[in-house]
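Enquirer: Sharing protein_8.txt (compact mmCIF, C-alpha atoms and all ligand atoms) below.
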```txt
# COMPACT_ATOMS: atom_id res chain seq x y z
CA MET R 1 -15.85 -23.88 0.29
CA LYS R 2 -16.33 -23.62 -3.47
CA TYR R 3 -15.53 -20.03 -4.26
CA ILE R 4 -14.08 -16.93 -2.61
CA GLU R 5 -14.03 -13.43 -4.03
CA ILE R 6 -12.07 -10.85 -2.06
CA LYS R 7 -11.21 -7.17 -2.50
CA ALA R 8 -7.58 -6.29 -1.82
CA PRO R 9 -7.46 -2.55 -1.04
CA ALA R 10 -4.67 -0.04 -1.68
CA LYS R 11 -2.94 1.99 1.03
CA ILE R 12 -1.27 5.35 1.36
CA ASN R 13 1.49 6.30 3.77
CA ILE R 14 0.71 9.45 5.71
CA GLY R 15 4.33 10.27 6.52
CA LEU R 16 7.25 7.93 6.12
CA SER R 17 10.46 8.33 8.11
CA VAL R 18 13.42 6.07 7.46
CA LEU R 19 15.15 5.94 10.84
CA SER R 20 18.14 3.60 10.56
CA LYS R 21 19.73 0.81 8.60
CA ARG R 22 19.65 -2.58 10.32
CA ALA R 23 22.08 -5.47 10.43
CA ASP R 24 19.62 -7.62 8.43
CA GLY R 25 19.75 -5.15 5.53
CA TYR R 26 16.29 -3.70 6.14
CA HIS R 27 15.56 -0.25 7.53
CA ASN R 28 13.65 0.74 10.63
CA LEU R 29 10.90 3.12 9.70
CA SER R 30 7.94 4.88 11.09
CA THR R 31 4.77 5.58 9.15
CA LEU R 32 1.01 5.84 9.29
CA PHE R 33 -0.69 3.33 6.99
CA TYR R 34 -4.15 4.27 5.78
CA PRO R 35 -6.25 1.89 3.66
CA ILE R 36 -7.93 3.18 0.49
CA THR R 37 -10.91 0.86 0.53
CA ASP R 38 -12.55 2.05 -2.68
CA LEU R 39 -9.42 1.35 -4.78
CA TYR R 40 -8.86 -2.40 -4.85
CA ASP R 41 -7.76 -5.44 -6.82
CA ILE R 42 -10.20 -8.36 -6.97
CA LEU R 43 -9.04 -11.92 -6.35
CA THR R 44 -11.08 -15.07 -6.84
CA PHE R 45 -10.23 -18.53 -5.53
CA GLN R 46 -11.64 -21.95 -6.44
CA PRO R 47 -10.44 -25.46 -5.61
CA ALA R 48 -9.10 -27.13 -8.77
CA ASP R 49 -7.31 -30.29 -9.90
CA GLN R 50 -4.23 -28.26 -10.63
CA PHE R 51 -2.83 -24.93 -9.56
CA ASN R 52 -3.67 -22.21 -12.04
CA PHE R 53 -3.04 -18.49 -11.81
CA SER R 54 -4.20 -15.80 -14.22
CA CYS R 55 -3.89 -12.04 -14.08
CA SER R 56 -5.62 -9.24 -15.99
CA ASP R 57 -2.36 -7.26 -16.18
CA LYS R 58 -0.24 -9.07 -18.74
CA SER R 59 2.92 -7.22 -17.72
CA LEU R 60 2.99 -8.98 -14.34
CA PRO R 61 4.76 -12.31 -13.76
CA LEU R 62 2.68 -15.48 -13.38
CA ASP R 63 5.36 -17.40 -11.45
CA SER R 64 6.76 -16.87 -7.95
CA GLY R 65 7.83 -13.38 -9.08
CA ASN R 66 4.20 -12.58 -8.37
CA LEU R 67 3.44 -12.22 -4.64
CA VAL R 68 0.16 -14.13 -5.05
CA VAL R 69 2.00 -17.21 -6.28
CA LYS R 70 4.76 -16.69 -3.72
CA ALA R 71 2.14 -16.56 -0.94
CA LYS R 72 0.58 -19.82 -2.16
CA GLU R 73 3.99 -21.51 -2.34
CA LEU R 74 5.01 -20.30 1.10
CA LEU R 75 1.76 -21.67 2.57
CA GLU R 76 2.42 -25.02 0.88
CA LYS R 77 5.90 -25.12 2.39
CA LYS R 78 4.70 -24.18 5.88
CA MET R 79 1.81 -26.64 5.87
CA ASP R 80 3.66 -29.35 3.92
CA LYS R 81 0.54 -29.66 1.82
CA ARG R 82 -0.32 -29.10 -1.82
CA ILE R 83 -2.74 -26.28 -2.49
CA SER R 84 -4.52 -26.85 -5.80
CA ALA R 85 -6.48 -23.74 -6.49
CA ARG R 86 -7.49 -21.68 -9.44
CA ILE R 87 -6.65 -18.05 -8.64
CA GLU R 88 -7.66 -15.05 -10.72
CA LEU R 89 -6.33 -11.57 -10.11
CA LYS R 90 -8.02 -8.48 -11.56
CA LYS R 91 -5.62 -5.56 -11.13
CA LYS R 92 -6.85 -2.04 -10.58
CA ILE R 93 -4.12 -0.76 -8.26
CA PRO R 94 -1.06 0.45 -10.23
CA SER R 95 2.03 -1.71 -9.63
CA GLN R 96 5.32 -0.52 -8.13
CA ALA R 97 3.50 2.65 -7.26
CA GLY R 98 3.81 2.89 -3.46
CA LEU R 99 0.16 1.88 -3.03
CA GLY R 100 0.90 -1.61 -1.70
CA GLY R 101 -1.00 -3.43 -4.45
CA GLY R 102 1.22 -6.52 -4.56
CA SER R 103 1.40 -6.71 -0.77
CA SER R 104 -2.37 -6.44 -0.50
CA ASP R 105 -2.84 -9.23 -3.07
CA ALA R 106 -0.45 -11.40 -1.05
CA ALA R 107 -2.37 -10.79 2.20
CA ALA R 108 -5.69 -11.53 0.48
CA THR R 109 -4.21 -14.80 -0.82
CA LEU R 110 -3.07 -15.88 2.66
CA ILE R 111 -6.48 -15.10 4.18
CA SER R 112 -8.46 -16.79 1.41
CA LEU R 113 -6.38 -19.97 1.06
CA ASN R 114 -6.29 -20.38 4.84
CA GLU R 115 -10.08 -20.30 4.84
CA MET R 116 -10.73 -22.34 1.69
CA PHE R 117 -8.32 -25.16 2.52
CA ARG R 118 -9.03 -25.06 6.28
CA LEU R 119 -5.37 -24.62 7.12
CA GLY R 120 -6.25 -23.50 10.64
CA LEU R 121 -3.70 -20.68 10.75
CA LYS R 122 -4.44 -18.00 13.35
CA HIS R 123 -3.90 -14.29 12.80
CA GLU R 124 -0.53 -14.47 14.61
CA ASP R 125 0.61 -17.33 12.34
CA LEU R 126 -0.44 -15.39 9.26
CA LEU R 127 1.45 -12.31 10.50
CA GLY R 128 4.73 -14.26 10.49
CA ILE R 129 4.13 -15.68 7.01
CA ALA R 130 3.06 -12.24 5.77
CA LEU R 131 6.31 -10.66 6.92
CA GLU R 132 8.30 -13.28 5.00
CA LEU R 133 6.51 -12.12 1.87
CA GLY R 134 7.15 -8.42 2.38
CA SER R 135 7.34 -5.63 4.94
CA ASP R 136 3.92 -4.19 4.03
CA VAL R 137 2.03 -7.49 3.89
CA PRO R 138 1.23 -7.72 7.66
CA PHE R 139 -0.63 -4.39 7.50
CA PHE R 140 -2.94 -5.74 4.78
CA LEU R 141 -4.08 -8.74 6.86
CA ARG R 142 -6.37 -6.29 8.64
CA ALA R 143 -6.01 -3.21 6.43
CA LEU R 144 -7.05 -0.85 9.21
CA PRO R 145 -5.43 2.56 9.87
CA ALA R 146 -2.27 1.88 11.86
CA LEU R 147 1.04 3.34 12.93
CA GLY R 148 3.77 1.10 11.58
CA SER R 149 7.29 0.70 12.96
CA SER R 150 10.28 -1.65 12.70
CA ARG R 151 10.10 -2.85 9.03
CA GLY R 152 6.43 -1.80 9.06
CA GLU R 153 5.19 -5.01 10.66
CA ILE R 154 4.77 -3.67 14.19
CA LEU R 155 1.33 -2.18 13.94
CA GLU R 156 -0.59 -0.05 16.38
CA LEU R 157 -4.18 0.49 15.28
CA VAL R 158 -5.34 4.10 15.41
CA ASP R 159 -8.79 5.59 15.49
CA LEU R 160 -8.84 7.59 12.26
CA THR R 161 -11.33 8.20 9.48
CA ILE R 162 -10.46 10.51 6.63
CA THR R 163 -13.79 12.04 5.64
CA GLU R 164 -12.25 14.34 3.03
CA PRO R 165 -11.72 13.18 -0.58
CA VAL R 166 -8.24 11.88 -1.41
CA LEU R 167 -6.98 12.34 -4.97
CA ILE R 168 -4.45 9.68 -5.92
CA VAL R 169 -2.19 10.46 -8.88
CA ASN R 170 0.26 8.06 -10.51
CA PRO R 171 2.31 9.06 -13.56
CA GLY R 172 3.04 5.48 -14.63
CA ILE R 173 6.64 5.48 -13.43
CA ASN R 174 7.72 2.19 -11.82
CA ILE R 175 9.88 2.53 -8.75
CA SER R 176 11.66 -0.38 -7.13
CA THR R 177 11.40 -0.11 -3.34
CA LYS R 178 14.72 -1.90 -3.02
CA GLU R 179 16.50 0.70 -5.19
CA ALA R 180 14.82 3.56 -3.35
CA PHE R 181 16.01 2.24 0.03
CA ARG R 182 19.51 1.79 -1.35
CA LYS R 183 19.76 5.53 -2.07
CA ILE R 184 18.48 6.78 1.23
CA ILE R 185 20.62 8.09 4.07
CA PRO R 186 18.61 7.51 7.27
CA ALA R 187 17.83 10.74 9.09
CA ASP R 188 17.98 9.13 12.53
CA VAL R 189 15.34 11.50 13.88
CA LYS R 190 12.50 9.99 15.78
CA ALA R 191 9.25 10.96 14.13
CA ASP R 192 6.18 11.28 16.31
CA TYR R 193 3.08 10.70 14.25
CA SER R 194 0.51 10.57 17.03
CA PRO R 195 -0.20 14.37 17.16
CA LEU R 196 -1.47 14.30 13.59
CA ILE R 197 -4.71 12.69 14.75
CA LYS R 198 -7.03 14.79 16.89
CA GLU R 199 -10.28 13.14 17.98
CA GLY R 200 -10.22 10.66 15.12
CA ARG R 201 -9.61 13.31 12.44
CA LEU R 202 -6.47 14.57 10.72
CA ASP R 203 -4.90 17.81 11.93
CA PHE R 204 -3.90 19.33 8.60
CA ASN R 205 -2.03 22.26 10.16
CA PHE R 206 0.17 19.89 12.10
CA MET R 207 0.64 17.70 9.04
CA ARG R 208 1.72 20.52 6.73
CA ARG R 209 4.37 21.55 9.24
CA ASN R 210 5.63 18.16 10.38
CA ILE R 211 4.78 15.26 8.10
CA ARG R 212 7.34 14.22 5.47
CA ASN R 213 8.18 11.27 3.31
CA ASP R 214 11.95 10.74 3.40
CA PHE R 215 11.90 9.20 -0.08
CA GLU R 216 10.59 12.37 -1.75
CA LYS R 217 13.96 14.10 -1.87
CA TYR R 218 15.59 11.23 -3.77
CA VAL R 219 12.66 10.30 -5.94
CA PHE R 220 11.83 13.92 -6.97
CA GLU R 221 15.49 14.41 -7.93
CA LEU R 222 15.47 11.31 -10.12
CA PHE R 223 11.99 11.93 -11.55
CA PRO R 224 11.14 15.67 -11.42
CA GLU R 225 7.73 14.82 -12.92
CA ILE R 226 6.71 13.26 -9.60
CA GLY R 227 7.63 16.40 -7.64
CA GLU R 228 5.56 18.39 -10.13
CA ILE R 229 2.49 16.33 -9.26
CA LYS R 230 2.89 17.37 -5.65
CA ASP R 231 3.27 21.04 -6.68
CA MET R 232 0.15 20.81 -8.82
CA LEU R 233 -1.88 19.24 -6.00
CA ASN R 234 -0.77 21.98 -3.62
CA HIS R 235 -1.51 24.75 -6.12
CA ALA R 236 -4.93 23.21 -6.69
CA GLY R 237 -5.63 23.76 -2.99
CA ALA R 238 -4.88 20.39 -1.36
CA LEU R 239 -5.07 20.54 2.43
CA PHE R 240 -2.13 18.15 2.45
CA SER R 241 -0.15 16.34 -0.19
CA LEU R 242 2.58 13.70 -0.04
CA MET R 243 4.20 10.90 -1.99
CA SER R 244 3.12 7.43 -0.86
CA GLY R 245 5.68 4.74 0.02
CA SER R 246 8.76 4.93 -2.21
CA GLY R 247 6.63 6.39 -5.00
CA SER R 248 5.67 7.03 -7.68
CA THR R 249 2.16 7.86 -6.46
CA VAL R 250 1.40 11.24 -4.92
CA TYR R 251 -1.89 11.96 -3.17
CA GLY R 252 -3.66 15.14 -2.18
CA ILE R 253 -6.35 15.45 0.48
CA PHE R 254 -8.96 18.05 -0.46
CA GLU R 255 -11.61 19.95 1.42
CA ASP R 256 -14.41 18.88 -0.91
CA VAL R 257 -15.09 16.70 -3.94
CA GLU R 258 -15.48 19.70 -6.27
CA SER R 259 -11.96 21.01 -5.67
CA ALA R 260 -10.53 17.48 -5.91
CA LYS R 261 -12.28 16.92 -9.25
CA LYS R 262 -11.01 20.25 -10.52
CA ALA R 263 -7.47 19.26 -9.57
CA GLU R 264 -7.90 15.87 -11.26
CA MET R 265 -8.67 17.55 -14.59
CA GLU R 266 -5.28 19.25 -14.62
CA PHE R 267 -3.35 15.99 -14.97
CA PRO R 268 -2.45 14.40 -18.31
CA LYS R 269 -4.89 11.81 -19.61
CA ASN R 270 -2.27 9.03 -19.51
CA TYR R 271 -1.86 9.41 -15.73
CA PHE R 272 -3.71 7.07 -13.41
CA CYS R 273 -5.97 9.27 -11.25
CA PHE R 274 -8.36 7.96 -8.63
CA LEU R 275 -10.61 10.04 -6.43
CA SER R 276 -11.25 8.21 -3.18
CA THR R 277 -14.48 9.15 -1.43
CA PRO R 278 -15.38 6.12 0.69
CA HIS R 279 -17.42 8.21 3.13
CA HIS R 280 -19.58 10.02 0.62
O1 LIG R 301 9.92 -6.07 2.40
P1 LIG R 301 9.95 -5.88 0.94
O2 LIG R 301 10.32 -7.14 0.21
O3 LIG R 301 8.71 -5.25 0.41
O4 LIG R 301 11.10 -4.83 0.65
C1 LIG R 301 11.76 -4.69 -0.58
C2 LIG R 301 13.16 -4.17 -0.33
O5 LIG R 301 13.10 -2.87 0.25
C3 LIG R 301 13.94 -4.99 0.68
O6 LIG R 301 14.65 -6.03 0.03
C4 LIG R 301 14.87 -3.99 1.31
O7 LIG R 301 16.00 -3.82 0.51
C5 LIG R 301 14.07 -2.72 1.27
N1 LIG R 301 13.39 -2.42 2.56
C6 LIG R 301 14.14 -1.91 3.60
N2 LIG R 301 13.52 -1.65 4.81
C7 LIG R 301 12.20 -1.83 4.96
C8 LIG R 301 11.42 -2.35 3.90
C9 LIG R 301 12.05 -2.62 2.71
O8 LIG R 301 15.35 -1.71 3.48
N3 LIG R 301 11.62 -1.54 6.14
```
Can you present the structure in this file as structure tokens?
Expert:
Amino acid sequence: MKYIEIKAPAKINIGLSVLSKRADGYHNLSTLFYPITDLYDILTFQPADQFNFSCSDKSLPLDSGNLVVKAKELLEKKMDKRISARIELKKKIPSQAGLGGGSSDAAATLISLNEMFRLGLKHEDLLGIALELGSDVPFFLRALPALGSSRGEILELVDLTITEPVLIVNPGINISTKEAFRKIIPADVKADYSPLIKEGRLDFNFMRRNIRNDFEKYVFELFPEIGEIKDMLNHAGALFSLMSGSGSTVYGIFEDVESAKKAEMEFPKNYFCFLSTPHH
């Protein structure tokens, strides 16, 4: 295969409960992952004489500090084989934003290199490698709506399509997931996310009453600006609004595109705003 181009989508977390701290240092959590298919990074792969990686976002590392390179290196180690590819990454998803951009890029890299270099890895093999790269990477191998538990790698696909527009707002604040987890005191309450889906659609009444993101309390305290985004989305009439992952992105689900667009106009011009309408 000479060339692969792949879209690596973003995700949002519809609810995120941190349940307990584990002996391995990670936390058990429970969440609903939902892919945002119209917000994506683009990766291209080509066989080459030498490995070469370039990225449109000059603030990101080009060595193994970048999950794309780390994914390539981990594959080389597992297969005991050199992978000489030219990889280009065009970033559109904000980084360290709770949208899973880096994790999605890593999953896209595993899928593409497996195919291009005929590594013969099955989905189950890729799942294991994905988890070594990060807790969110397994979800992105399929990028289908799923309930996530354990570190986020135990995935149960759910039948869900959000037909309403989702306004994604990021103020440009970088949040380290590691630091965010360090601050959190696990609530130890079992969250049941299944009632939020009724016949393949979201039950917004249930969500407003029951769905939380345990990181909000800590993150809003540290960065009041992020809490204000949520207030603004709610005042603008969002059916539901929540921070995604460990932040700093907050999203609002709106009844129609007009009200979502109106809300979007209220945010400062230097914010990253994206109106997701994949079903329109
Ligand atoms: O898995 P990932 O590398 O993305 O996680 C970054 C950091 O976030 C981990 O090193 C860990 O400290 C924390 N984390 C956690 N529990 C999870 C996921 C991440 O404590 N389920």
Enquirer: Give me the residues near Pro145 (chain R) as a ChimeraX atom specification, where near means some atom within 8 Å (using all atoms listed in the file) and where sequence neighbours in that chain fewer than 5 positions away do not count.
Expert: /R:32-35,157-160
Enquirer: Given all atoms listed in the file, how would the per-residue table for chain R near ligand LIG 301 (chain R) read, listing every residue at most 6 Å away with its closest atom pair and distance in Å to one decimal, sorted by chain and number, as a Markdown table?
Expert:
```
| residue | atom | partner | partner_atom | distance |
| --- | --- | --- | --- | --- |
| R:Gly25 | CA | R:LIG301 | O8 | 5.9 |
| R:Tyr26 | CA | R:LIG301 | O8 | 3.5 |
| R:His27 | CA | R:LIG301 | N2 | 3.7 |
| R:Asn28 | CA | R:LIG301 | N3 | 5.4 |
| R:Leu29 | CA | R:LIG301 | N3 | 5.9 |
| R:Gly134 | CA | R:LIG301 | O1 | 3.6 |
| R:Ser135 | CA | R:LIG301 | O1 | 3.6 |
| R:Arg151 | CA | R:LIG301 | N3 | 3.5 |
| R:Gly152 | CA | R:LIG301 | N3 | 6.0 |
| R:Thr177 | CA | R:LIG301 | O5 | 4.8 |
| R:Lys178 | CA | R:LIG301 | O5 | 3.8 |
| R:Phe181 | CA | R:LIG301 | O8 | 5.3 |
```
Enquirer: Could you tell me how far CA of Leu202 (chain R) sits from CA of Thr277 (chain R), in Å to one decimal place?
Expert: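 Answer for the CA of Thr277 (chain R) to CA of Leu202 (chain R) separation: 15.5 Å.
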Enquirer: I want to know what sits within 10 Å of Thr163 (chain R), based on all atoms listed in the file, with residues of the same chain fewer than 4 positions away left out; could you give that as a PyMOL selection string?
Expert: chain R and resi 201-202+253-256+276-280
Enquirer: Just to be explicit: take each residue in the selection above, keep C-alpha atoms, and write the result as an mmCIF file, in the frame of the given file.
Expert:
```cif
data_model
loop_
_atom_site.group_PDB
_atom_site.id
_atom_site.type_symbol
_atom_site.label_atom_id
_atom_site.label_comp_id
_atom_site.auth_asym_id
_atom_site.auth_seq_id
_atom_site.Cartn_x
_atom_site.Cartn_y
_atom_site.Cartn_z
ATOM 1 C CA ARG R 201 -9.610 13.310 12.440
ATOM 2 C CA LEU R 202 -6.470 14.570 10.720
ATOM 3 C CA ILE R 253 -6.350 15.450 0.480
ATOM 4 C CA PHE R 254 -8.960 18.050 -0.460
ATOM 5 C CA GLU R 255 -11.610 19.950 1.420
ATOM 6 C CA ASP R 256 -14.410 18.880 -0.910
ATOM 7 C CA SER R 276 -11.250 8.210 -3.180
ATOM 8 C CA THR R 277 -14.480 9.150 -1.430
ATOM 9 C CA PRO R 278 -15.380 6.120 0.690
ATOM 10 C CA HIS R 279 -17.420 8.210 3.130
ATOM 11 C CA HIS R 280 -19.580 10.020 0.620
#
```
Enquirer: Between CA of Ala187 (chain R) and CA of Arg209 (chain R), what is the distance, to one decimal in Å?
Expert: 17.3 Å
Enquirer: I want to know what sits within 7 Å of region 76-89 of chain R, based on all atoms listed in the file, with residues of the same chain fewer than 4 positions away left out; could you give that as a list in words?
Expert: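 That gives Ile42, Leu43, Thr44, Phe45, Gln46, Pro47, Ala48, Asp49, Gln50, Phe51, Asn52, Phe53, Ser54, Cys55, Ser56 and Lys72 of chain R.
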Enquirer: Please compute the CA of His235 (chain R)-CA of Val250 (chain R) distance, one decimal, in Å.
Expert: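 These two atoms are separated by 13.9 Å.
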Enquirer: Find the residues around Ile168 (chain R) up to 7 Å (only C-alpha atoms counted), leave out those fewer than 4 positions away in its own chain, and share them as a ChimeraX atom specification.
Expert: /R:249-252,273-275
Enquirer: Could you give me, as an NGL selection string, the residues that sit within 12 Å of (-4.9, 24.0, -15.4) in the file's coordinates, counting all atoms listed in the file?
Expert: :R and (232-233 or 235-236 or 261-268)
